[in-house]
Amino acid sequence: MSALIDIFPVLFQGVKITITVLLGSIVVGYLMAFIAGFCLLSNNIVLRLITRFYIEIFRGTSLIVQLFLLYYALPMLFNFDLGSNYLAGVLAISLNYGAYMAEVVRGSIESVAQGQREAATALNMSRFQRMRLVVFPQAVRMMLPEFGNYLIQMIKATSLVSLIGMKDILYYGDRFRFSDISMTPLVFLMVLIFYFIIALPLIFLTRKMEEISKKGVAS
Amino acid sequence: MDWNWKGELFFEALPFVAKGIWVTLSLTIVCYIFALVFGFGWTFLKRVPNKAFNWVVTWVMEFIRSTPPLVQLYFIYYAWPEVPYIGATLSPFTSAVIGLGIHFSTYISEVYRSGIEGVDKGQWEASTALNFSTRQKWTKIILPQAIPPTIPMLGNYLIILFKEVPLAAVIGVVGILHLADDFGQANFRFLEAYTVVALLFLLLSYPSALLVKQLEKKVNYRFDKKSPNGKKPLKESKGAVS
């Protein structure tokens with residue numbers, strides 16, 4: 001029991017970093033998702049091709065490789081340093097999950113019933129109005145459960161930033177185990193529980209979102 | 001040290017790093033088989049008709065699913081040997097198989113569940129009426145109908161797993177990422193080696209994604225024709241986003 005009391009404050013130091021990385025990734029990630037998602041639906045073929053290229057690159061390779069490329073290779077390649085590992089971590093996570101979520105955005109908007117668009121056109125709405133007032137509000141509901149799932153994926157991904165030297169929960173856990181090797185199982189179990197506690201509200205949120213998305217969509 | 005791209009180093013790195021592809025591939029396959037088999041275990045555990053037991057299984061699965069696989073790998077590799085009585089030292093490869101295999105089995109079991117729920121209820125009733133034993137029901141009636149529609153989803157998880165496997169490098173599995181690191185340290189140049197890694201990944205995962213898409217089309221086609229009541233083939237279990 002006393003061991004637990006020792007471990008807790010050490011791991012707690014890392015929570016702040018994990019949360020800030022997570023928040024940064026969420027904001028930039030969703031921004032990327034919506035930008036790329038709308039670009040995929042654009043009439044401009046060049047825009048569509050560029051976006052497709054971005055999505056295939058980031059979905060086709062692994063996050064850990066992207067993280068290392070951004071952090072170690074980018075400074076060498078373009079002589080351009082991102083400046084901080086925070087930026088590299090957030091960029092890698094949000095570009096990766098943004099690519100996945102862009103497909104969710106596109107898929108949801110496309111799966112809004114065609115009749116809704118036709119009805120909006122019949123009401124003499126402009127293209128922008130149609131999207132803003134009719135299609136988008138319905139599409140967002142369909143996106144919610146998938147967005148929730150990706151949120152949990154992002155929490156898991158934040159543990160990778162310890163590999164580029166950020167002092168998150170995993171970093172402190174990994175460092176603590178050297179003080180007493182026999183405590184290793186307890187330390188890592190605690191690290192897992194920490195991540196689970198951060199994920200817990202999001203698990204409930206995802207379930208709630210699934211309920212919301214079930215009602216109020218014309219099909 | 002200069003920072004410019006060097007073509008000849010790239011070609012030097014290519015064969016060196018490519019050696020790791022076999023480790024990455026075999027780890028992916030072994031993990032996948034482990035996850036497929038273990039996924040069945042979860043599915044059946046979840047079907048035990050006991051509420052308390054069910055609750056425990058659900059939350060254990062949720063726990064495994066929503067905590068980072070990286071920490072789970074650390075746990076298996078560094079912490080397992082220190083666990084009193086049952087602890088044992090495992091090789092990096094075995095640890096990776098167990099860690100990633102268990103992580104993915106929770107996802108795979110969700111796929112199986114959606115497949116089993118997709119089988120028409122009348123099929124259960126009919127097989128009961130025909131006096132089939134429980135085992136016969138599963139092996140002869142339910143599973144043959146439940147598994148084929150899930151093939152595209154299972155294929156997707158193979159690709160996702162393939163992209164998670166480089167994580168194993170952190171516990172010392174000598175995959176492509178590890179070899180790229182070695183090459184980088186030997187030559188004080190990481191750029192070319194990591195570029196090779198990224199290229200190899202694209203080269204391997206993009207065709208496999210196309211393959212799964214093709215497979216999906218084939219399976220859907222078969223089921224559209226076969227399904228008697230015109231039922232649509234299965235979609236993803238959670239939040240059906242097409």
# chains A, B, ... in the order shown; residues from 1 in each chain; ligands from 1
>>> interface_residues(of="chain B", to="chain A", cutoff="9 Å", atoms="only C-alpha atoms", output="MDAnalysis selection string")
chainID B and resid 2:5 62:72 74:76 78:84 159:160 162:167 170 177 189:192 194:195 197:206 209 238:242
>>> residues_around(residues="region 114-117 of chain A", least_positions_apart="5", cutoff="10 Å", atoms="only C-alpha atoms", output="PyMOL selection string")
chain A and resi 122-123+125+127+130-131+134-135+138+218-219
>>> write_last_selection(atoms="C-alpha atoms", output="compact mmCIF listing (two decimals), in the first residue's frame")
# COMPACT_ATOMS: atom_id res chain seq x y z
CA ALA A 122 -36.65 22.83 -54.15
CA LEU A 123 -36.82 25.38 -51.33
CA MET A 125 -31.53 27.28 -50.95
CA ARG A 127 -25.31 25.42 -52.04
CA ARG A 130 -28.05 23.56 -48.14
CA MET A 131 -24.90 22.31 -46.48
CA VAL A 134 -29.88 20.81 -43.92
CA VAL A 135 -27.11 18.35 -44.68
CA GLN A 138 -27.68 15.62 -39.90
CA ALA A 218 -33.63 11.29 -42.08
CA SER A 219 -32.90 8.17 -44.05
>>> atom_distance(atom1="CA of Ala139 (chain A)", atom2="CA of Ala92 (chain A)")
26.7 Å
>>> select_by_dssp(residues="region 75-163 of chain A", states="alpha helix (DSSP H)", output="PyMOL selection string")
chain A and resi 75-77+85-110+114-122+127-129+136-158
>>> residues_around(residues="Leu95 (chain A)", least_positions_apart="4", cutoff="12 Å", atoms="only C-alpha atoms", output="PyMOL selection string")
chain A and resi 24-36+51+54-59+61-63+66-67+70+87-91+99-102+154
>>> residues_around(residues="Ile29 (chain B)", least_positions_apart="6", cutoff="10 Å", atoms="only C-alpha atoms", output="compact mmCIF listing (two decimals) with N, CA and C atoms, in the first residue's frame")
# COMPACT_ATOMS: atom_id res chain seq x y z
N VAL B 23 10.82 -9.94 -40.26
CA VAL B 23 10.44 -9.95 -38.85
C VAL B 23 9.09 -9.26 -38.70
N ALA B 35 -4.61 -13.21 -32.27
CA ALA B 35 -5.77 -12.36 -32.01
C ALA B 35 -7.06 -13.01 -32.50
N VAL B 97 3.95 -10.65 -29.42
CA VAL B 97 2.81 -11.45 -29.87
C VAL B 97 1.71 -11.43 -28.82
N LEU B 158 -6.25 -6.60 -39.97
CA LEU B 158 -4.92 -7.07 -40.33
C LEU B 158 -4.03 -5.88 -40.71
N LEU B 161 -3.25 -3.80 -37.63
CA LEU B 161 -2.25 -4.51 -36.83
C LEU B 161 -0.86 -4.34 -37.44
N PHE B 162 -0.80 -4.44 -38.74
CA PHE B 162 0.48 -4.29 -39.44
C PHE B 162 1.12 -2.94 -39.14
>>> residues_around(residues="Tyr107 (chain B)", least_positions_apart="4", cutoff="8 Å", atoms="only C-alpha atoms", output="VMD selection string")
chain B and resid 39 65 103 111
>>> write_last_selection(atoms="N, CA, C and O atoms", output="tab-separated table (two decimals), in the first residue's frame")
chain	number	residue	atom	x	y	z
B	39	GLY	N	-9.77	-13.91	-29.88
B	39	GLY	CA	-11.02	-13.18	-30.05
B	39	GLY	C	-12.23	-14.07	-29.83
B	39	GLY	O	-13.21	-13.67	-29.21
B	65	ARG	N	-8.83	-2.40	-24.29
B	65	ARG	CA	-9.01	-1.67	-25.53
B	65	ARG	C	-8.64	-0.20	-25.40
B	65	ARG	O	-8.19	0.41	-26.36
B	103	HIS	N	-4.33	-7.24	-27.24
B	103	HIS	CA	-4.94	-5.93	-27.53
B	103	HIS	C	-5.91	-6.05	-28.71
B	103	HIS	O	-7.03	-5.58	-28.64
B	111	VAL	N	-15.87	-7.86	-33.73
B	111	VAL	CA	-16.25	-8.20	-35.11
B	111	VAL	C	-17.04	-9.51	-35.14
B	111	VAL	O	-18.09	-9.61	-35.78
>>> atom_distance(atom1="CA of Pro15 (chain B)", atom2="CA of Ala169 (chain B)")
18.5 Å
>>> residues_around(residues="Phe93 (chain B)", least_positions_apart="5", cutoff="10 Å", atoms="only C-alpha atoms", output="PyMOL selection string")
chain B and resi 23+26-27+30-31+77+98-99+168-169+171-174
>>> write_last_selection(atoms="N, CA, C and O atoms", output="PDB file, in the first residue's frame")
ATOM      1  N   VAL B  23      10.825  -9.945 -40.260  1.00  0.00           N
ATOM      2  CA  VAL B  23      10.439  -9.954 -38.851  1.00  0.00           C
ATOM      3  C   VAL B  23       9.088  -9.258 -38.697  1.00  0.00           C
ATOM      4  O   VAL B  23       8.179  -9.764 -38.041  1.00  0.00           O
ATOM      5  N   SER B  26       6.333 -11.521 -40.209  1.00  0.00           N
ATOM      6  CA  SER B  26       6.010 -12.727 -39.440  1.00  0.00           C
ATOM      7  C   SER B  26       5.369 -12.344 -38.112  1.00  0.00           C
ATOM      8  O   SER B  26       4.446 -13.018 -37.649  1.00  0.00           O
ATOM      9  N   LEU B  27       5.836 -11.237 -37.523  1.00  0.00           N
ATOM     10  CA  LEU B  27       5.214 -10.789 -36.273  1.00  0.00           C
ATOM     11  C   LEU B  27       3.745 -10.438 -36.513  1.00  0.00           C
ATOM     12  O   LEU B  27       2.873 -10.784 -35.717  1.00  0.00           O
ATOM     13  N   VAL B  30       1.772 -13.783 -36.977  1.00  0.00           N
ATOM     14  CA  VAL B  30       1.610 -14.553 -35.736  1.00  0.00           C
ATOM     15  C   VAL B  30       0.664 -13.827 -34.778  1.00  0.00           C
ATOM     16  O   VAL B  30      -0.229 -14.431 -34.178  1.00  0.00           O
ATOM     17  N   CYS B  31       0.838 -12.507 -34.654  1.00  0.00           N
ATOM     18  CA  CYS B  31      -0.047 -11.708 -33.803  1.00  0.00           C
ATOM     19  C   CYS B  31      -1.489 -11.846 -34.267  1.00  0.00           C
ATOM     20  O   CYS B  31      -2.415 -11.968 -33.459  1.00  0.00           O
ATOM     21  N   TYR B  77       6.701  -7.145 -21.217  1.00  0.00           N
ATOM     22  CA  TYR B  77       8.134  -7.394 -21.375  1.00  0.00           C
ATOM     23  C   TYR B  77       8.910  -7.098 -20.098  1.00  0.00           C
ATOM     24  O   TYR B  77       9.762  -7.881 -19.695  1.00  0.00           O
ATOM     25  N   ILE B  98       2.089 -11.640 -27.555  1.00  0.00           N
ATOM     26  CA  ILE B  98       1.078 -11.684 -26.492  1.00  0.00           C
ATOM     27  C   ILE B  98       0.440 -10.294 -26.320  1.00  0.00           C
ATOM     28  O   ILE B  98      -0.774 -10.154 -26.298  1.00  0.00           O
ATOM     29  N   GLY B  99       1.285  -9.264 -26.237  1.00  0.00           N
ATOM     30  CA  GLY B  99       0.774  -7.910 -25.988  1.00  0.00           C
ATOM     31  C   GLY B  99      -0.150  -7.439 -27.089  1.00  0.00           C
ATOM     32  O   GLY B  99      -1.310  -7.115 -26.842  1.00  0.00           O
ATOM     33  N   ALA B 168       6.702  -2.741 -31.541  1.00  0.00           N
ATOM     34  CA  ALA B 168       7.497  -3.790 -30.915  1.00  0.00           C
ATOM     35  C   ALA B 168       8.979  -3.435 -30.877  1.00  0.00           C
ATOM     36  O   ALA B 168       9.738  -3.995 -30.089  1.00  0.00           O
ATOM     37  N   ALA B 169       9.382  -2.480 -31.722  1.00  0.00           N
ATOM     38  CA  ALA B 169      10.792  -2.072 -31.726  1.00  0.00           C
ATOM     39  C   ALA B 169      11.212  -1.540 -30.358  1.00  0.00           C
ATOM     40  O   ALA B 169      12.367  -1.714 -29.958  1.00  0.00           O
ATOM     41  N   ILE B 171      10.599  -2.643 -27.484  1.00  0.00           N
ATOM     42  CA  ILE B 171      11.054  -3.673 -26.549  1.00  0.00           C
ATOM     43  C   ILE B 171      12.110  -4.558 -27.206  1.00  0.00           C
ATOM     44  O   ILE B 171      12.407  -5.636 -26.706  1.00  0.00           O
ATOM     45  N   GLY B 172      12.651  -4.099 -28.349  1.00  0.00           N
ATOM     46  CA  GLY B 172      13.816  -4.767 -28.890  1.00  0.00           C
ATOM     47  C   GLY B 172      13.571  -5.797 -29.967  1.00  0.00           C
ATOM     48  O   GLY B 172      14.451  -6.589 -30.274  1.00  0.00           O
ATOM     49  N   VAL B 173      12.384  -5.823 -30.564  1.00  0.00           N
ATOM     50  CA  VAL B 173      12.181  -6.701 -31.714  1.00  0.00           C
ATOM     51  C   VAL B 173      12.849  -6.040 -32.919  1.00  0.00           C
ATOM     52  O   VAL B 173      12.597  -4.875 -33.209  1.00  0.00           O
ATOM     53  N   VAL B 174      13.717  -6.799 -33.599  1.00  0.00           N
ATOM     54  CA  VAL B 174      14.513  -6.185 -34.657  1.00  0.00           C
ATOM     55  C   VAL B 174      13.716  -6.130 -35.956  1.00  0.00           C
ATOM     56  O   VAL B 174      13.947  -6.876 -36.886  1.00  0.00           O
TER      57      VAL B 174
END
>>> atom_distance(atom1="CA of Gly7 (chain B)", atom2="CA of Gly83 (chain A)")
26.7 Å
